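What follows is the content of target.pdb (PDB, N, CA and C atoms).
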```pdb
ATOM      1  N   MET A 191      26.853  26.163   9.746
ATOM      2  CA  MET A 191      26.585  26.803   8.482
ATOM      3  C   MET A 191      26.342  25.723   7.422
ATOM      4  N   LEU A 192      25.371  25.965   6.593
ATOM      5  CA  LEU A 192      25.039  25.031   5.514
ATOM      6  C   LEU A 192      25.517  25.638   4.199
ATOM      7  N   CYS A 193      26.365  24.923   3.497
ATOM      8  CA  CYS A 193      26.960  25.441   2.257
ATOM      9  C   CYS A 193      26.526  24.605   1.054
ATOM     10  N   PRO A 194      26.495  25.224  -0.128
ATOM     11  CA  PRO A 194      26.189  24.474  -1.349
ATOM     12  C   PRO A 194      27.223  23.382  -1.590
ATOM     13  N   SER A 195      26.798  22.317  -2.240
ATOM     14  CA  SER A 195      27.713  21.226  -2.599
ATOM     15  C   SER A 195      28.467  21.606  -3.861
ATOM     16  N   PRO A 196      29.722  21.227  -3.973
ATOM     17  CA  PRO A 196      30.487  21.535  -5.186
ATOM     18  C   PRO A 196      30.195  20.536  -6.302
ATOM     19  N   GLY A 197      30.628  20.888  -7.500
ATOM     20  CA  GLY A 197      30.661  19.925  -8.595
ATOM     21  C   GLY A 197      29.351  19.561  -9.248
ATOM     22  N   GLY A 198      28.429  20.506  -9.374
ATOM     23  CA  GLY A 198      27.212  20.224 -10.127
ATOM     24  C   GLY A 198      26.149  19.454  -9.386
ATOM     25  N   GLU A 199      26.251  19.352  -8.078
ATOM     26  CA  GLU A 199      25.200  18.691  -7.301
ATOM     27  C   GLU A 199      23.901  19.480  -7.408
ATOM     28  N   TRP A 200      22.815  18.914  -6.931
ATOM     29  CA  TRP A 200      21.492  19.538  -7.031
ATOM     30  C   TRP A 200      21.433  20.887  -6.321
ATOM     31  N   ASP A 201      22.331  21.131  -5.353
ATOM     32  CA  ASP A 201      22.321  22.386  -4.601
ATOM     33  C   ASP A 201      23.571  23.238  -4.833
ATOM     34  N   SER A 202      24.303  22.971  -5.905
ATOM     35  CA  SER A 202      25.576  23.659  -6.138
ATOM     36  C   SER A 202      25.433  25.119  -6.550
ATOM     37  N   GLY A 203      24.248  25.538  -6.957
ATOM     38  CA  GLY A 203      24.049  26.921  -7.381
ATOM     39  C   GLY A 203      23.647  27.868  -6.267
ATOM     40  N   GLY A 204      23.366  27.350  -5.085
ATOM     41  CA  GLY A 204      23.025  28.210  -3.958
ATOM     42  C   GLY A 204      21.946  27.606  -3.079
ATOM     43  N   ILE A 205      21.975  28.006  -1.818
ATOM     44  CA  ILE A 205      20.997  27.587  -0.811
ATOM     45  C   ILE A 205      20.344  28.842  -0.259
ATOM     46  N   TYR A 206      19.009  28.831  -0.123
ATOM     47  CA  TYR A 206      18.289  30.026   0.315
ATOM     48  C   TYR A 206      16.911  29.650   0.828
ATOM     49  N   LYS A 207      16.179  30.620   1.338
ATOM     50  CA  LYS A 207      14.809  30.451   1.835
ATOM     51  C   LYS A 207      14.703  29.333   2.869
ATOM     52  N   ALA A 208      15.562  29.382   3.876
ATOM     53  CA  ALA A 208      15.553  28.339   4.907
ATOM     54  C   ALA A 208      14.442  28.587   5.927
ATOM     55  N   ALA A 209      13.888  27.488   6.417
ATOM     56  CA  ALA A 209      12.910  27.520   7.512
ATOM     57  C   ALA A 209      13.386  26.515   8.549
ATOM     58  N   VAL A 210      13.629  26.983   9.793
ATOM     59  CA  VAL A 210      14.174  26.133  10.853
ATOM     60  C   VAL A 210      13.122  25.923  11.930
ATOM     61  N   TYR A 211      12.994  24.672  12.360
ATOM     62  CA  TYR A 211      12.046  24.294  13.413
ATOM     63  C   TYR A 211      12.792  23.487  14.465
ATOM     64  N   GLU A 212      12.362  23.621  15.722
ATOM     65  CA  GLU A 212      12.893  22.772  16.784
ATOM     66  C   GLU A 212      11.882  21.676  17.054
ATOM     67  N   ILE A 213      12.343  20.441  16.962
ATOM     68  CA  ILE A 213      11.477  19.287  17.182
ATOM     69  C   ILE A 213      12.193  18.351  18.145
ATOM     70  N   GLY A 214      11.651  18.204  19.350
ATOM     71  CA  GLY A 214      12.233  17.290  20.330
ATOM     72  C   GLY A 214      13.668  17.616  20.702
ATOM     73  N   GLY A 215      14.016  18.890  20.779
ATOM     74  CA  GLY A 215      15.366  19.295  21.148
ATOM     75  C   GLY A 215      16.372  19.262  20.010
ATOM     76  N   ARG A 216      15.915  18.938  18.824
ATOM     77  CA  ARG A 216      16.762  18.909  17.631
ATOM     78  C   ARG A 216      16.246  19.939  16.639
ATOM     79  N   PHE A 217      17.110  20.487  15.830
ATOM     80  CA  PHE A 217      16.719  21.494  14.857
ATOM     81  C   PHE A 217      16.634  20.868  13.464
ATOM     82  N   VAL A 218      15.579  21.223  12.751
ATOM     83  CA  VAL A 218      15.322  20.717  11.414
ATOM     84  C   VAL A 218      15.208  21.917  10.475
ATOM     85  N   MET A 219      15.902  21.865   9.368
ATOM     86  CA  MET A 219      15.869  22.963   8.391
ATOM     87  C   MET A 219      15.394  22.432   7.040
ATOM     88  N   PHE A 220      14.360  23.070   6.509
ATOM     89  CA  PHE A 220      13.975  22.862   5.119
ATOM     90  C   PHE A 220      14.524  24.063   4.367
ATOM     91  N   TYR A 221      15.097  23.832   3.204
ATOM     92  CA  TYR A 221      15.696  24.937   2.451
ATOM     93  C   TYR A 221      15.544  24.698   0.953
ATOM     94  N   ASN A 222      15.484  25.793   0.225
ATOM     95  CA  ASN A 222      15.467  25.726  -1.231
ATOM     96  C   ASN A 222      16.905  25.798  -1.725
ATOM     97  N   ALA A 223      17.161  25.115  -2.805
ATOM     98  CA  ALA A 223      18.482  25.141  -3.416
ATOM     99  C   ALA A 223      18.308  24.995  -4.922
ATOM    100  N   LYS A 224      19.344  25.396  -5.637
ATOM    101  CA  LYS A 224      19.265  25.306  -7.095
ATOM    102  C   LYS A 224      20.562  24.784  -7.672
ATOM    103  N   THR A 225      20.456  24.264  -8.889
ATOM    104  CA  THR A 225      21.635  23.815  -9.617
ATOM    105  C   THR A 225      22.398  25.038 -10.119
ATOM    106  N   ASP A 226      23.613  24.815 -10.581
ATOM    107  CA  ASP A 226      24.384  25.931 -11.137
ATOM    108  C   ASP A 226      24.327  25.957 -12.665
ATOM    109  N   SER A 227      23.417  25.171 -13.249
ATOM    110  CA  SER A 227      23.270  25.135 -14.709
ATOM    111  C   SER A 227      22.179  26.106 -15.155
ATOM    112  N   GLU A 228      22.114  26.356 -16.440
ATOM    113  CA  GLU A 228      21.073  27.215 -17.019
ATOM    114  C   GLU A 228      20.216  26.390 -17.957
ATOM    115  N   PRO A 229      18.905  26.387 -17.873
ATOM    116  CA  PRO A 229      18.172  27.019 -16.780
ATOM    117  C   PRO A 229      18.341  26.196 -15.507
ATOM    118  N   TRP A 230      18.405  26.868 -14.371
ATOM    119  CA  TRP A 230      18.606  26.138 -13.121
ATOM    120  C   TRP A 230      17.314  25.471 -12.665
ATOM    121  N   ILE A 231      17.490  24.467 -11.812
ATOM    122  CA  ILE A 231      16.371  23.704 -11.256
ATOM    123  C   ILE A 231      16.373  23.909  -9.752
ATOM    124  N   GLU A 232      15.244  24.324  -9.206
ATOM    125  CA  GLU A 232      15.104  24.564  -7.769
ATOM    126  C   GLU A 232      14.360  23.393  -7.129
ATOM    127  N   GLN A 233      14.908  22.896  -6.001
ATOM    128  CA  GLN A 233      14.286  21.798  -5.268
ATOM    129  C   GLN A 233      14.438  22.079  -3.764
ATOM    130  N   THR A 234      13.832  21.230  -2.924
ATOM    131  CA  THR A 234      13.839  21.460  -1.478
ATOM    132  C   THR A 234      14.634  20.374  -0.773
ATOM    133  N   GLY A 235      15.514  20.824   0.142
ATOM    134  CA  GLY A 235      16.344  19.907   0.911
ATOM    135  C   GLY A 235      16.006  19.948   2.388
ATOM    136  N   LEU A 236      16.595  19.020   3.132
ATOM    137  CA  LEU A 236      16.395  18.882   4.571
ATOM    138  C   LEU A 236      17.760  18.707   5.228
ATOM    139  N   ALA A 237      17.960  19.409   6.350
ATOM    140  CA  ALA A 237      19.184  19.256   7.133
ATOM    141  C   ALA A 237      18.802  19.268   8.611
ATOM    142  N   THR A 238      19.632  18.653   9.452
ATOM    143  CA  THR A 238      19.378  18.612  10.891
ATOM    144  C   THR A 238      20.613  19.087  11.652
ATOM    145  N   SER A 239      20.369  19.565  12.882
ATOM    146  CA  SER A 239      21.453  20.056  13.720
ATOM    147  C   SER A 239      21.075  19.896  15.187
ATOM    148  N   ASP A 240      22.076  19.716  16.024
ATOM    149  CA  ASP A 240      21.862  19.695  17.469
ATOM    150  C   ASP A 240      22.208  21.032  18.109
ATOM    151  N   ASP A 241      22.936  21.908  17.376
ATOM    152  CA  ASP A 241      23.442  23.145  17.977
ATOM    153  C   ASP A 241      23.252  24.403  17.123
ATOM    154  N   LEU A 242      22.578  24.313  15.993
ATOM    155  CA  LEU A 242      22.361  25.426  15.059
ATOM    156  C   LEU A 242      23.642  25.913  14.381
ATOM    157  N   VAL A 243      24.751  25.234  14.609
ATOM    158  CA  VAL A 243      26.021  25.602  13.970
ATOM    159  C   VAL A 243      26.445  24.531  12.972
ATOM    160  N   HIS A 244      26.421  23.290  13.401
ATOM    161  CA  HIS A 244      26.834  22.163  12.562
ATOM    162  C   HIS A 244      25.585  21.486  12.000
ATOM    163  N   TRP A 245      25.484  21.469  10.673
ATOM    164  CA  TRP A 245      24.303  20.917   9.999
ATOM    165  C   TRP A 245      24.681  19.689   9.201
ATOM    166  N   GLN A 246      23.787  18.718   9.190
ATOM    167  CA  GLN A 246      23.969  17.489   8.422
ATOM    168  C   GLN A 246      22.869  17.420   7.364
ATOM    169  N   LYS A 247      23.237  17.401   6.095
ATOM    170  CA  LYS A 247      22.258  17.272   5.023
ATOM    171  C   LYS A 247      21.694  15.857   5.004
ATOM    172  N   HIS A 248      20.428  15.733   4.717
ATOM    173  CA  HIS A 248      19.784  14.428   4.656
ATOM    174  C   HIS A 248      20.325  13.655   3.451
ATOM    175  N   PRO A 249      20.621  12.361   3.614
ATOM    176  CA  PRO A 249      21.193  11.593   2.493
ATOM    177  C   PRO A 249      20.249  11.411   1.307
ATOM    178  N   ALA A 250      18.937  11.593   1.504
ATOM    179  CA  ALA A 250      17.982  11.439   0.400
ATOM    180  C   ALA A 250      17.647  12.770  -0.277
ATOM    181  N   ASN A 251      18.409  13.825   0.022
ATOM    182  CA  ASN A 251      18.147  15.128  -0.612
ATOM    183  C   ASN A 251      18.288  15.044  -2.116
ATOM    184  N   PRO A 252      17.509  15.827  -2.834
ATOM    185  CA  PRO A 252      16.456  16.709  -2.356
ATOM    186  C   PRO A 252      15.222  15.916  -1.926
ATOM    187  N   VAL A 253      14.635  16.315  -0.804
ATOM    188  CA  VAL A 253      13.483  15.564  -0.287
ATOM    189  C   VAL A 253      12.193  15.926  -1.018
ATOM    190  N   LEU A 254      12.139  17.087  -1.621
ATOM    191  CA  LEU A 254      11.021  17.467  -2.486
ATOM    192  C   LEU A 254      11.620  17.782  -3.851
ATOM    193  N   ARG A 255      11.475  16.829  -4.748
ATOM    194  CA  ARG A 255      12.104  16.906  -6.072
ATOM    195  C   ARG A 255      11.151  17.474  -7.120
ATOM    196  N   VAL A 256      11.736  17.991  -8.179
ATOM    197  CA  VAL A 256      10.948  18.398  -9.330
ATOM    198  C   VAL A 256      10.387  17.135  -9.963
ATOM    199  N   GLY A 257       9.078  17.141 -10.195
ATOM    200  CA  GLY A 257       8.422  15.960 -10.750
ATOM    201  C   GLY A 257       8.326  16.002 -12.265
ATOM    202  N   PRO A 258       7.742  14.970 -12.839
ATOM    203  CA  PRO A 258       7.582  14.915 -14.292
ATOM    204  C   PRO A 258       6.555  15.932 -14.775
ATOM    205  N   GLU A 259       6.570  16.231 -16.047
ATOM    206  CA  GLU A 259       5.631  17.190 -16.634
ATOM    207  C   GLU A 259       4.194  16.794 -16.286
ATOM    208  N   GLY A 260       3.419  17.771 -15.826
ATOM    209  CA  GLY A 260       2.032  17.548 -15.454
ATOM    210  C   GLY A 260       1.831  17.292 -13.972
ATOM    211  N   ALA A 261       2.879  16.925 -13.255
ATOM    212  CA  ALA A 261       2.777  16.697 -11.809
ATOM    213  C   ALA A 261       2.745  18.038 -11.083
ATOM    214  N   TRP A 262       2.197  18.071  -9.864
ATOM    215  CA  TRP A 262       2.138  19.328  -9.110
ATOM    216  C   TRP A 262       3.542  19.811  -8.742
ATOM    217  N   THR A 263       4.532  18.917  -8.767
ATOM    218  CA  THR A 263       5.901  19.294  -8.478
ATOM    219  C   THR A 263       6.722  19.557  -9.740
ATOM    220  N   ALA A 264       6.072  19.587 -10.890
ATOM    221  CA  ALA A 264       6.781  19.795 -12.164
ATOM    222  C   ALA A 264       7.395  21.187 -12.219
ATOM    223  N   ALA A 265       8.518  21.273 -12.903
ATOM    224  CA  ALA A 265       9.171  22.576 -13.102
ATOM    225  C   ALA A 265       8.354  23.392 -14.094
ATOM    226  N   SER A 266       8.273  24.667 -13.842
ATOM    227  CA  SER A 266       7.632  25.570 -14.791
ATOM    228  C   SER A 266       8.603  25.875 -15.909
ATOM    229  N   PRO A 267       8.119  26.122 -17.100
ATOM    230  CA  PRO A 267       9.050  26.510 -18.164
ATOM    231  C   PRO A 267       9.662  27.875 -17.808
ATOM    232  N   PRO A 268      10.902  28.112 -18.239
ATOM    233  CA  PRO A 268      11.520  29.402 -17.939
ATOM    234  C   PRO A 268      10.735  30.549 -18.559
ATOM    235  N   ILE A 269      10.682  31.649 -17.867
ATOM    236  CA  ILE A 269       9.995  32.849 -18.367
ATOM    237  C   ILE A 269      11.002  33.658 -19.174
ATOM    238  N   ARG A 270      10.669  33.952 -20.377
ATOM    239  CA  ARG A 270      11.562  34.735 -21.261
ATOM    240  C   ARG A 270      10.971  36.117 -21.440
ATOM    241  N   SER A 271      11.839  37.110 -21.445
ATOM    242  CA  SER A 271      11.355  38.483 -21.648
ATOM    243  C   SER A 271      11.583  38.939 -23.071
TER     244      SER A 271
END
```
The structure in this file should be written as structure tokens.
Amino acid sequence: MLCPSPGGEWDSGGIYKAAVYEIGGRFVMFYNAKTDSEPWIEQTGLATSDDLVHWQKHPANPVLRVGPEGAWTAASPPIRS
């Protein structure tokens, strides 16, 4: 099971939208996660497993980060109603 990190980490607000692939007998998961702050920031992480039960988060997470303004990875401004 993959759980959010405590204490304001980049994924402390929740983990969701996982995609799991088997590559060479090992499992690779890309997942979206968000901060627990407002407005929250969503980024993409990577984890690996040998058994689909025990997952190891990649030490360079998030592997797809929110980029600077104007970049294709830039955060969109929050939508207000």
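Computed from the coordinates, the atom CA of Ser227 of chain A to atom CA of Pro258 of chain A distance equals 18.7 Å.
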Hits of the PyMOL selection byres (((chain A and resi 219 and name CA) around 7) and name CA) in this structure, as a ChimeraX atom specification: /A:208-211,217-218,220-221,236-238
Could you write out as a list in words the residues that the PyMOL selection byres (((chain A and resi 254 and name CA) around 7) and name CA) matches in the shown file? Gln233, Thr234, Gly235, Pro252, Val253, Arg255 and Val256 of chain A
Polymer residues at most 6 Å from (19.3, 24.6, -1.7) by only C-alpha atoms, as a PyMOL selection string: chain A and resi 201+204-206+221-224
Could you jot down the atom N of Ser202 of chain A to atom C of Ala250 of chain A separation for me, Å, one decimal place?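 For atom N of Ser202 of chain A relative to atom C of Ala250 of chain A, the distance reads 13.4 Å.
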Put the listed atoms of segment 214-229 of chain A in a box along x, y and z with 3 Å added on every side and give me the centre and edge lengths in Å to one decimal, as AutoDock Vina command-line options.
```
--center_x 18.0 --center_y 22.3 --center_z 1.6 --size_x 18.7 --size_y 15.9 --size_z 45.1
```
Record the distance separating atom CA of His248 of chain A and atom CA of Trp262 of chain A, expressed in Å with one decimal. 22.9 Å
Extract the full set of strand (DSSP E or B) residues from segment 199-270 of chain A according to DSSP on the backbone, and format it as a PyMOL selection string. chain A and resi 204-213+216-224+232-239+246-247+254+257+264
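Considering all atoms listed in the file, the residue among A:Ile213, A:Trp200, A:Pro194, A:Thr263 positioned nearest to Ile231 of chain A is A:Trp200.
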Of A:Arg216, A:Asn251, A:Leu192, A:Lys207, the one nearest to Ser239 of chain A when counting only N, CA and C atoms is A:Arg216
Measuring atom to atom with only C-alpha atoms, identify which of A:Gly260, A:Pro196, A:Met191, A:Ala265 is nearest to Glu232 of chain A.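 Looking at the shortest contact to Glu232 of chain A, the residue is A:Ala265.
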Judged by only C-alpha atoms, the minimum distance to His244 of chain A among A:Gly257, A:Glu228, A:Gly214, A:Cys193 is found for A:Cys193
Can you pull segment 221-232 of chain A out of that block with N, CA and C atoms and hand it back as a PDB file, in the first residue's frame?
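Full text of selection-v8.pdb as output:
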```pdb
ATOM      1  N   TYR A 221       1.823   7.994 -10.070  1.00  0.00           N
ATOM      2  CA  TYR A 221       0.627   8.417  -9.337  1.00  0.00           C
ATOM      3  C   TYR A 221       0.622   9.931  -9.164  1.00  0.00           C
ATOM      4  N   ASN A 222      -0.576  10.471  -9.081  1.00  0.00           N
ATOM      5  CA  ASN A 222      -0.742  11.889  -8.787  1.00  0.00           C
ATOM      6  C   ASN A 222      -0.858  12.049  -7.278  1.00  0.00           C
ATOM      7  N   ALA A 223      -0.350  13.146  -6.791  1.00  0.00           N
ATOM      8  CA  ALA A 223      -0.441  13.452  -5.371  1.00  0.00           C
ATOM      9  C   ALA A 223      -0.540  14.964  -5.219  1.00  0.00           C
ATOM     10  N   LYS A 224      -1.026  15.369  -4.060  1.00  0.00           N
ATOM     11  CA  LYS A 224      -1.171  16.807  -3.825  1.00  0.00           C
ATOM     12  C   LYS A 224      -0.716  17.173  -2.430  1.00  0.00           C
ATOM     13  N   THR A 225      -0.399  18.452  -2.269  1.00  0.00           N
ATOM     14  CA  THR A 225      -0.045  18.976  -0.958  1.00  0.00           C
ATOM     15  C   THR A 225      -1.313  19.103  -0.119  1.00  0.00           C
ATOM     16  N   ASP A 226      -1.138  19.327   1.169  1.00  0.00           N
ATOM     17  CA  ASP A 226      -2.310  19.521   2.028  1.00  0.00           C
ATOM     18  C   ASP A 226      -2.580  21.002   2.297  1.00  0.00           C
ATOM     19  N   SER A 227      -1.918  21.883   1.541  1.00  0.00           N
ATOM     20  CA  SER A 227      -2.119  23.328   1.707  1.00  0.00           C
ATOM     21  C   SER A 227      -3.173  23.833   0.726  1.00  0.00           C
ATOM     22  N   GLU A 228      -3.625  25.046   0.933  1.00  0.00           N
ATOM     23  CA  GLU A 228      -4.590  25.686   0.029  1.00  0.00           C
ATOM     24  C   GLU A 228      -3.945  26.904  -0.600  1.00  0.00           C
ATOM     25  N   PRO A 229      -3.960  27.101  -1.899  1.00  0.00           N
ATOM     26  CA  PRO A 229      -4.426  26.101  -2.854  1.00  0.00           C
ATOM     27  C   PRO A 229      -3.408  24.969  -2.950  1.00  0.00           C
ATOM     28  N   TRP A 230      -3.889  23.753  -3.137  1.00  0.00           N
ATOM     29  CA  TRP A 230      -2.965  22.622  -3.198  1.00  0.00           C
ATOM     30  C   TRP A 230      -2.265  22.563  -4.550  1.00  0.00           C
ATOM     31  N   ILE A 231      -1.134  21.865  -4.548  1.00  0.00           N
ATOM     32  CA  ILE A 231      -0.319  21.687  -5.751  1.00  0.00           C
ATOM     33  C   ILE A 231      -0.282  20.204  -6.071  1.00  0.00           C
ATOM     34  N   GLU A 232      -0.631  19.850  -7.295  1.00  0.00           N
ATOM     35  CA  GLU A 232      -0.643  18.456  -7.739  1.00  0.00           C
ATOM     36  C   GLU A 232       0.597  18.184  -8.590  1.00  0.00           C
TER      37      GLU A 232
END
```
